[in-house]
Amino acid sequence: MRHIAFIGDLHLCERSPRFTHALDVLDWVIADLHGVQAEWGRPPLSIVCCGDLVEGAPSPREWQALLTRVRRLMTIADRVVLIQGNHEAPDALRLFHGETDPDDRLLPSVTPVWNTVETIRWPEAVLIAIPYPRLGRPPFADCVGDSIADGQRLAAETITRAIQTAVRLYRPKPVLVAGHVTVEGMTTRDAEFELHSGTEVVVPVSAFDGVALGAVGHIHRAQDVAPQVIGVGSLIRHSFAEAKDAKSYTLARIAEGAVTWARRPVPARAMIQLHETWPSDPQSVSDVAAEIERGTEIKVIVEIAEDQVGTFDPTVFDPIREVAAYFVLEKRVLAVQRTRAAQLAARTSLAEQLTAWAEATGQGLDPPRRERLRQKLDGLESA
């Protein structure tokens, strides 16, 4: 028997208000895996991080935090696989190679997957690990054509070919696939981490024919794409668009040639969005704050009529800010309709409309000029 844990997007970034939280949840996963292994008699365990471990090139602090967690994973796993995502710098995972020999590994039991499609073999199964397909970069350097669409098609064909070759070569041993890719049929939202460009490579579901389990990162909402293909989802909530998403990591079990899997929930911070209309009652705001669990991420959206903007006082929402692990206050200014021309025209004379216009625009009319204009307007109405 063998266990394989699939961990989704982390997006470690020391500038993020969620940096410490992401590390805390990853530490929780490590502790949970310790418990799982003890419960099952400590079968061999491998851990696969499915991309977007860091944002860009890791800073010294981010690198140290990541390295510390990888070493903790190594205490319970015989293999840790780190897959390149689209948010890392293209060669961010090069740090796990030796400084002089690219074939050397900084940590022998860690496999960084960034410039090739990796095949990892165990007695019980085979894993194909696929980095995010960046057109023109290894292992998709040859995926170029007369158009971007040609490159997308060639990259999808490269991935399909790698998977199907492994299925044929290692049958009847179970073949699992991990990667940082979008699979045909996955659903995305208008959310910060799910807005992807038109150059995104989409892998067809048919590429996974014959695969025991395909588990991919990239899209933050965990989802079942096909009976044997899943999106593992991000480990924590990275955006308020994910407020209602359940967060988990995926644990696969391989026994007697069969693969089963389950999502194991993680203690990701809760998120809520509140909607207020200004002016807001301070006592009502305090009552709302009293009902919120401390440590929740909170976004308050306040609608303010534009003629009330000058009266807005953000300190009214301090009781909510004080209970929040992370607080966002978003103001939405609503335009005020200042004219009722259609209604005025129906019940007022032209002279009265002129007076209303002069008052609304602040353009004073001296009495002689006003009288001359009134006479002309009276003539128009009687014509």
# chains A, B, ... in the order shown; residues from 1 in each chain; ligands from 1
>>> select_by_dssp(residues="range 134-333 of chain A", states="strand (DSSP E or B)", output="MDAnalysis selection string")
chainID A and resid 175:180 182:183 202:203 213:217 223:226 229:231 248:255 258:265 271:277 296:305 324:333
>>> residues_around(residues="Leu66 in chain A", least_positions_apart="3", cutoff="12 Å", atoms="only C-alpha atoms", output="NGL selection string")
:A and (10-14 or 19-20 or 22-24 or 26-27 or 49 or 52-55 or 58-63 or 69-73 or 82 or 92-93 or 95-96)
>>> residues_around(residues="Glu381 in chain A", least_positions_apart="4", cutoff="9 Å", atoms="only C-alpha atoms", output="ChimeraX atom specification")
/A:349-350,376-377
